[in-house]
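*Asks:* Structure provided below as structure tokens; questions to follow.
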Amino acid sequence: MRTYGQYCGIAKALDTIGDRWTLLIIRELLALGPCRHTDLRNGLPGIASNLLVDRLRDLEEAGLIHREAAPPPVATTLFSLTERGRTLEPVLRELSRWGVPLLREPGGNDTFRTHWLDMPARALTDHHPDRPAIALQLHADGNEDLVIEVKDGSVHTHAGRVDHPTASLTGSPHLLAATLLGDLDLSAALQQGLRLSGEREAVLRILPR
């Protein structure tokens, strides 16, 4: 059994979630909710199918995920986080924040999924909680969209689309990330190729100041 063999909370935590790919599986389930095996493979480009099976089994044995047979028309196994698994969200949020400086250069040949901006988006602040609810849609070419919903001072995200977003941002992964993280103000991002449709003020309502 893989273990550091140390009576320390950090060591014990790493015994459980320190293997390669494990925290990224948690990331996918936090961002997307219940997932099929194929959904996880799509969000984890580069992972071998048998390794994903192994990691899912380990996480299930650790009580961090559970599986259930979905009824038709899905009719497949869905993997979800348990309550214990969802308590890892603050851990991943802090890792995401710590990694912000590492995103300040374009990703080059790195793969990207728009829903990977889920954590930075959840950390945004509604600067005008007294205003009506809004929905912002983010799109990077070749990827599924991410929706940011803002209402009563709370910011929520989900993958997919909405029929009538208040505003949409489309561009490269680097420009989308830099804008959400506050490394580029909206005007500078637009000059560098980010595309905005809809209400500019709705976007400014949540961007870092």
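Following the order of the structure tokens, first chain is A, next is B, and so on, with residues numbered from 1 inside each chain and ligands from 1 in the order they appear.
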I need the residues in segment 15-194 of chain A that are helix (DSSP H, G or I) according to DSSP; give them as a PyMOL selection string.

*Replies:* chain A and resi 15-17+22-32+37-43+49-61+83-86+89-98+100-103+114-122+173-181+186-191

*Asks:* What are the closest atom pairs, with distances in Å to one decimal, for each residue of segment 75-177 of chain A lying within 10 Å of segment 55-59 of chain A, using only C-alpha atoms, rows by chain and rising residue number, as a Markdown table?

*Replies:*
| residue | atom | partner | partner_atom | distance |
| --- | --- | --- | --- | --- |
| A:Phe79 | CA | A:Leu56 | CA | 8.4 |
| A:Leu81 | CA | A:Leu59 | CA | 9.3 |
| A:Gly85 | CA | A:Leu59 | CA | 8.8 |

*Asks:* Could you pull out all residues of segment 16-194 of chain A with a DSSP call of strand (DSSP E or B) and give them as a ChimeraX atom specification?

*Replies:* /A:35,65-69,77-81,134-139,146-151,154-159,167-170

*Asks:* Any idea what's packed within 8 Å of Leu175 of chain A, counting only C-alpha atoms, ignoring anything in its chain fewer than 3 positions away? Could you give it as a ChimeraX atom specification?

*Replies:* /A:171-172,178-179,184,189,192-194

*Asks:* Would you output that residue set with N, CA and C atoms, as a short mmCIF file (atom, residue, chain, number, x, y, z; two decimals), in the first residue's frame?

*Replies:*
data_model
loop_
_atom_site.label_atom_id
_atom_site.label_comp_id
_atom_site.auth_asym_id
_atom_site.auth_seq_id
_atom_site.Cartn_x
_atom_site.Cartn_y
_atom_site.Cartn_z
N GLY A 171 -12.77 34.15 -26.45
CA GLY A 171 -11.37 34.43 -26.75
C GLY A 171 -10.48 33.25 -26.40
N SER A 172 -9.19 33.51 -26.40
CA SER A 172 -8.22 32.47 -26.08
C SER A 172 -8.27 32.14 -24.60
N ALA A 178 -6.76 35.62 -17.87
CA ALA A 178 -6.16 36.88 -17.42
C ALA A 178 -7.22 37.90 -17.03
N THR A 179 -8.34 37.91 -17.74
CA THR A 179 -9.41 38.84 -17.43
C THR A 179 -10.10 38.46 -16.12
N LEU A 184 -5.52 41.41 -16.51
CA LEU A 184 -5.83 42.35 -17.59
C LEU A 184 -7.17 43.00 -17.29
N ALA A 189 -7.95 43.68 -22.41
CA ALA A 189 -8.23 42.36 -22.97
C ALA A 189 -8.95 42.47 -24.31
N GLN A 192 -6.62 43.24 -27.02
CA GLN A 192 -5.76 42.12 -27.38
C GLN A 192 -6.52 40.97 -28.05
N GLY A 193 -7.81 41.15 -28.27
CA GLY A 193 -8.54 40.16 -29.05
C GLY A 193 -9.71 39.49 -28.35
N LEU A 194 -9.92 39.74 -27.07
CA LEU A 194 -11.11 39.21 -26.41
C LEU A 194 -12.35 39.84 -27.03
#

*Asks:* Please determine, counting only C-alpha atoms, which residue among A:Arg104, A:His66, A:His128, A:Arg122 has the shortest atom-to-atom distance to Glu89 of chain A.

*Replies:*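 Of A:Arg104, A:His66, A:His128, A:Arg122, the one nearest Glu89 of chain A is A:Arg122, counting only C-alpha atoms.
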
*Asks:* How many Å lie between atom CA of Thr157 of chain A and atom CA of Val53 of chain A, rounded to one decimal?

*Replies:*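 Distance reported for this atom pair: 27.4 Å.
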
*Asks:* In terms of the shortest atom-to-atom distance over only C-alpha atoms, which of A:Leu180, A:Ile47, A:Cys35, A:Leu52 is closest to Arg67 of chain A?

*Replies:* A:Cys35

*Asks:* Contacts of segment 165-169 of chain A at 7 Å or less, counting only C-alpha atoms, minus same-chain residues fewer than 2 places along, as JSON, numbers by chain?

*Replies:* {"A": [134, 135, 136, 137, 138, 139, 162, 163, 171, 194, 195, 196, 197, 198, 199, 202, 203]}

*Asks:* How many Å separate atom CA of Leu64 of chain A from atom CA of Leu95 of chain A?

*Replies:*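 That distance, rounded to one decimal, is 18.6 Å.
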
*Asks:* What's the separation between atom CA of Ala31 of chain A and atom CA of Leu117 of chain A, in Å to one decimal place?

*Replies:* 9.0 Å

*Asks:* Identify, on the basis of only C-alpha atoms, every residue whose closest approach to Glu94 of chain A does not exceed 12 Å; exclude the query and any residue fewer than 6 positions from it along the same chain; express the result as a JSON list (two decimals) with all heavy atoms, in the first residue's frame.

*Replies:*
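result-v5.json, freshly written:
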[["chain", "number", "residue", "atom", "x", "y", "z"],
["A", 88, "LEU", "N", -13.28, 19.05, -0.11],
["A", 88, "LEU", "CA", -11.99, 19.38, -0.74],
["A", 88, "LEU", "C", -12.07, 20.64, -1.60],
["A", 88, "LEU", "O", -11.03, 21.12, -2.07],
["A", 88, "LEU", "CB", -11.52, 18.21, -1.62],
["A", 88, "LEU", "CG", -10.96, 17.00, -0.87],
["A", 88, "LEU", "CD1", -10.82, 15.80, -1.80],
["A", 88, "LEU", "CD2", -9.61, 17.35, -0.24],
["A", 100, "VAL", "N", -2.24, 31.01, -9.73],
["A", 100, "VAL", "CA", -2.51, 32.16, -10.60],
["A", 100, "VAL", "C", -1.26, 32.70, -11.28],
["A", 100, "VAL", "O", -1.26, 32.92, -12.49],
["A", 100, "VAL", "CB", -3.23, 33.28, -9.81],
["A", 100, "VAL", "CG1", -3.19, 34.59, -10.56],
["A", 100, "VAL", "CG2", -4.69, 32.88, -9.54],
["A", 119, "MET", "N", -13.04, 27.42, -10.88],
["A", 119, "MET", "CA", -12.55, 27.87, -9.57],
["A", 119, "MET", "C", -12.27, 29.37, -9.53],
["A", 119, "MET", "O", -12.72, 30.06, -8.62],
["A", 119, "MET", "CB", -11.31, 27.08, -9.16],
["A", 119, "MET", "CG", -11.61, 25.68, -8.67],
["A", 119, "MET", "SD", -12.46, 25.70, -7.08],
["A", 119, "MET", "CE", -12.91, 23.98, -6.95],
["A", 120, "PRO", "N", -11.51, 29.91, -10.51],
["A", 120, "PRO", "CA", -11.33, 31.37, -10.49],
["A", 120, "PRO", "C", -12.65, 32.13, -10.57],
["A", 120, "PRO", "O", -12.81, 33.17, -9.93],
["A", 120, "PRO", "CB", -10.47, 31.64, -11.73],
["A", 120, "PRO", "CG", -9.75, 30.36, -11.99],
["A", 120, "PRO", "CD", -10.71, 29.27, -11.57],
["A", 122, "ARG", "N", -15.61, 31.19, -9.42],
["A", 122, "ARG", "CA", -16.33, 31.13, -8.15],
["A", 122, "ARG", "C", -15.77, 32.11, -7.12],
["A", 122, "ARG", "O", -16.46, 32.49, -6.17],
["A", 122, "ARG", "CB", -16.24, 29.72, -7.56],
["A", 122, "ARG", "CG", -17.01, 28.67, -8.33],
["A", 122, "ARG", "CD", -17.02, 27.38, -7.53],
["A", 122, "ARG", "NE", -17.41, 26.24, -8.36],
["A", 122, "ARG", "CZ", -17.75, 25.07, -7.87],
["A", 122, "ARG", "NH1", -17.76, 24.88, -6.57],
["A", 122, "ARG", "NH2", -18.07, 24.08, -8.68],
["A", 123, "ALA", "N", -14.50, 32.50, -7.31],
["A", 123, "ALA", "CA", -13.87, 33.42, -6.36],
["A", 123, "ALA", "C", -14.19, 34.88, -6.65],
["A", 123, "ALA", "O", -13.80, 35.76, -5.89],
["A", 123, "ALA", "CB", -12.36, 33.21, -6.37]]

*Asks:* Let me make sure I understand: among A:Thr125, A:Ser49, A:Thr82, A:Thr16, which one has the smallest atom-to-atom distance to Leu29 of chain A if we use only C-alpha atoms?

*Replies:* A:Thr82

*Asks:* Contacts of Gly46 of chain A at 12 Å or less, counting only C-alpha atoms, minus same-chain residues fewer than 6 places along, as a PDB file with all heavy atoms, in the first residue's frame?

*Replies:*
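Below is the file that was written, around35.pdb:
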ATOM      1  N   ARG A  20      -0.946  11.163  -8.637  1.00  0.00           N
ATOM      2  CA  ARG A  20      -1.137  11.889  -9.899  1.00  0.00           C
ATOM      3  C   ARG A  20      -2.561  11.662 -10.415  1.00  0.00           C
ATOM      4  O   ARG A  20      -3.054  10.547 -10.408  1.00  0.00           O
ATOM      5  CB  ARG A  20      -0.100  11.402 -10.915  1.00  0.00           C
ATOM      6  CG  ARG A  20      -0.125  12.129 -12.254  1.00  0.00           C
ATOM      7  CD  ARG A  20       1.084  11.690 -13.073  1.00  0.00           C
ATOM      8  NE  ARG A  20       1.014  12.188 -14.438  1.00  0.00           N
ATOM      9  CZ  ARG A  20       1.389  13.401 -14.815  1.00  0.00           C
ATOM     10  NH1 ARG A  20       1.878  14.239 -13.916  1.00  0.00           N
ATOM     11  NH2 ARG A  20       1.313  13.779 -16.082  1.00  0.00           N
ATOM     12  N   TRP A  21      -3.219  12.725 -10.846  1.00  0.00           N
ATOM     13  CA  TRP A  21      -4.552  12.776 -11.424  1.00  0.00           C
ATOM     14  C   TRP A  21      -5.667  12.840 -10.385  1.00  0.00           C
ATOM     15  O   TRP A  21      -6.785  13.233 -10.722  1.00  0.00           O
ATOM     16  CB  TRP A  21      -4.838  11.583 -12.367  1.00  0.00           C
ATOM     17  CG  TRP A  21      -3.983  11.541 -13.573  1.00  0.00           C
ATOM     18  CD1 TRP A  21      -2.937  10.692 -13.805  1.00  0.00           C
ATOM     19  CD2 TRP A  21      -4.093  12.366 -14.744  1.00  0.00           C
ATOM     20  NE1 TRP A  21      -2.379  10.937 -15.036  1.00  0.00           N
ATOM     21  CE2 TRP A  21      -3.070  11.949 -15.640  1.00  0.00           C
ATOM     22  CE3 TRP A  21      -4.953  13.407 -15.111  1.00  0.00           C
ATOM     23  CZ2 TRP A  21      -2.888  12.552 -16.872  1.00  0.00           C
ATOM     24  CZ3 TRP A  21      -4.771  14.007 -16.354  1.00  0.00           C
ATOM     25  CH2 TRP A  21      -3.747  13.575 -17.207  1.00  0.00           C
ATOM     26  N   LEU A  24      -7.248  16.224  -9.833  1.00  0.00           N
ATOM     27  CA  LEU A  24      -7.896  16.693 -11.061  1.00  0.00           C
ATOM     28  C   LEU A  24      -9.223  15.981 -11.285  1.00  0.00           C
ATOM     29  O   LEU A  24     -10.157  16.560 -11.868  1.00  0.00           O
ATOM     30  CB  LEU A  24      -6.960  16.493 -12.260  1.00  0.00           C
ATOM     31  CG  LEU A  24      -5.664  17.301 -12.206  1.00  0.00           C
ATOM     32  CD1 LEU A  24      -4.879  17.127 -13.502  1.00  0.00           C
ATOM     33  CD2 LEU A  24      -5.939  18.787 -11.952  1.00  0.00           C
ATOM     34  N   LEU A  40     -15.341  12.221 -17.617  1.00  0.00           N
ATOM     35  CA  LEU A  40     -14.077  12.417 -16.912  1.00  0.00           C
ATOM     36  C   LEU A  40     -12.895  12.288 -17.864  1.00  0.00           C
ATOM     37  O   LEU A  40     -11.937  13.063 -17.764  1.00  0.00           O
ATOM     38  CB  LEU A  40     -13.963  11.412 -15.765  1.00  0.00           C
ATOM     39  CG  LEU A  40     -14.953  11.630 -14.611  1.00  0.00           C
ATOM     40  CD1 LEU A  40     -14.954  10.436 -13.665  1.00  0.00           C
ATOM     41  CD2 LEU A  40     -14.614  12.905 -13.851  1.00  0.00           C
ATOM     42  N   LEU A  52      -7.567   5.749 -14.850  1.00  0.00           N
ATOM     43  CA  LEU A  52      -8.758   6.442 -14.350  1.00  0.00           C
ATOM     44  C   LEU A  52      -9.618   5.472 -13.539  1.00  0.00           C
ATOM     45  O   LEU A  52     -10.132   5.826 -12.465  1.00  0.00           O
ATOM     46  CB  LEU A  52      -9.552   7.027 -15.514  1.00  0.00           C
ATOM     47  CG  LEU A  52     -10.878   7.704 -15.157  1.00  0.00           C
ATOM     48  CD1 LEU A  52     -10.684   8.812 -14.127  1.00  0.00           C
ATOM     49  CD2 LEU A  52     -11.557   8.255 -16.414  1.00  0.00           C
ATOM     50  N   ASP A 110      -0.470  23.481 -24.243  1.00  0.00           N
ATOM     51  CA  ASP A 110      -1.252  22.880 -23.165  1.00  0.00           C
ATOM     52  C   ASP A 110      -2.714  22.747 -23.591  1.00  0.00           C
ATOM     53  O   ASP A 110      -3.270  23.636 -24.244  1.00  0.00           O
ATOM     54  CB  ASP A 110      -1.194  23.736 -21.898  1.00  0.00           C
ATOM     55  CG  ASP A 110       0.152  23.673 -21.205  1.00  0.00           C
ATOM     56  OD1 ASP A 110       0.977  22.829 -21.600  1.00  0.00           O
ATOM     57  OD2 ASP A 110       0.373  24.468 -20.277  1.00  0.00           O
ATOM     58  N   THR A 111      -3.337  21.642 -23.212  1.00  0.00           N
ATOM     59  CA  THR A 111      -4.768  21.488 -23.468  1.00  0.00           C
ATOM     60  C   THR A 111      -5.558  22.381 -22.520  1.00  0.00           C
ATOM     61  O   THR A 111      -5.048  22.835 -21.491  1.00  0.00           O
ATOM     62  CB  THR A 111      -5.212  20.027 -23.291  1.00  0.00           C
ATOM     63  OG1 THR A 111      -4.863  19.595 -21.971  1.00  0.00           O
ATOM     64  CG2 THR A 111      -4.546  19.134 -24.315  1.00  0.00           C
ATOM     65  N   PHE A 112      -6.811  22.619 -22.874  1.00  0.00           N
ATOM     66  CA  PHE A 112      -7.640  23.536 -22.081  1.00  0.00           C
ATOM     67  C   PHE A 112      -9.096  23.133 -22.214  1.00  0.00           C
ATOM     68  O   PHE A 112      -9.546  22.702 -23.268  1.00  0.00           O
ATOM     69  CB  PHE A 112      -7.457  24.977 -22.575  1.00  0.00           C
ATOM     70  CG  PHE A 112      -8.346  25.979 -21.888  1.00  0.00           C
ATOM     71  CD1 PHE A 112      -8.055  26.420 -20.607  1.00  0.00           C
ATOM     72  CD2 PHE A 112      -9.497  26.453 -22.515  1.00  0.00           C
ATOM     73  CE1 PHE A 112      -8.885  27.326 -19.960  1.00  0.00           C
ATOM     74  CE2 PHE A 112     -10.319  27.364 -21.874  1.00  0.00           C
ATOM     75  CZ  PHE A 112     -10.014  27.795 -20.599  1.00  0.00           C
TER      76      PHE A 112
END
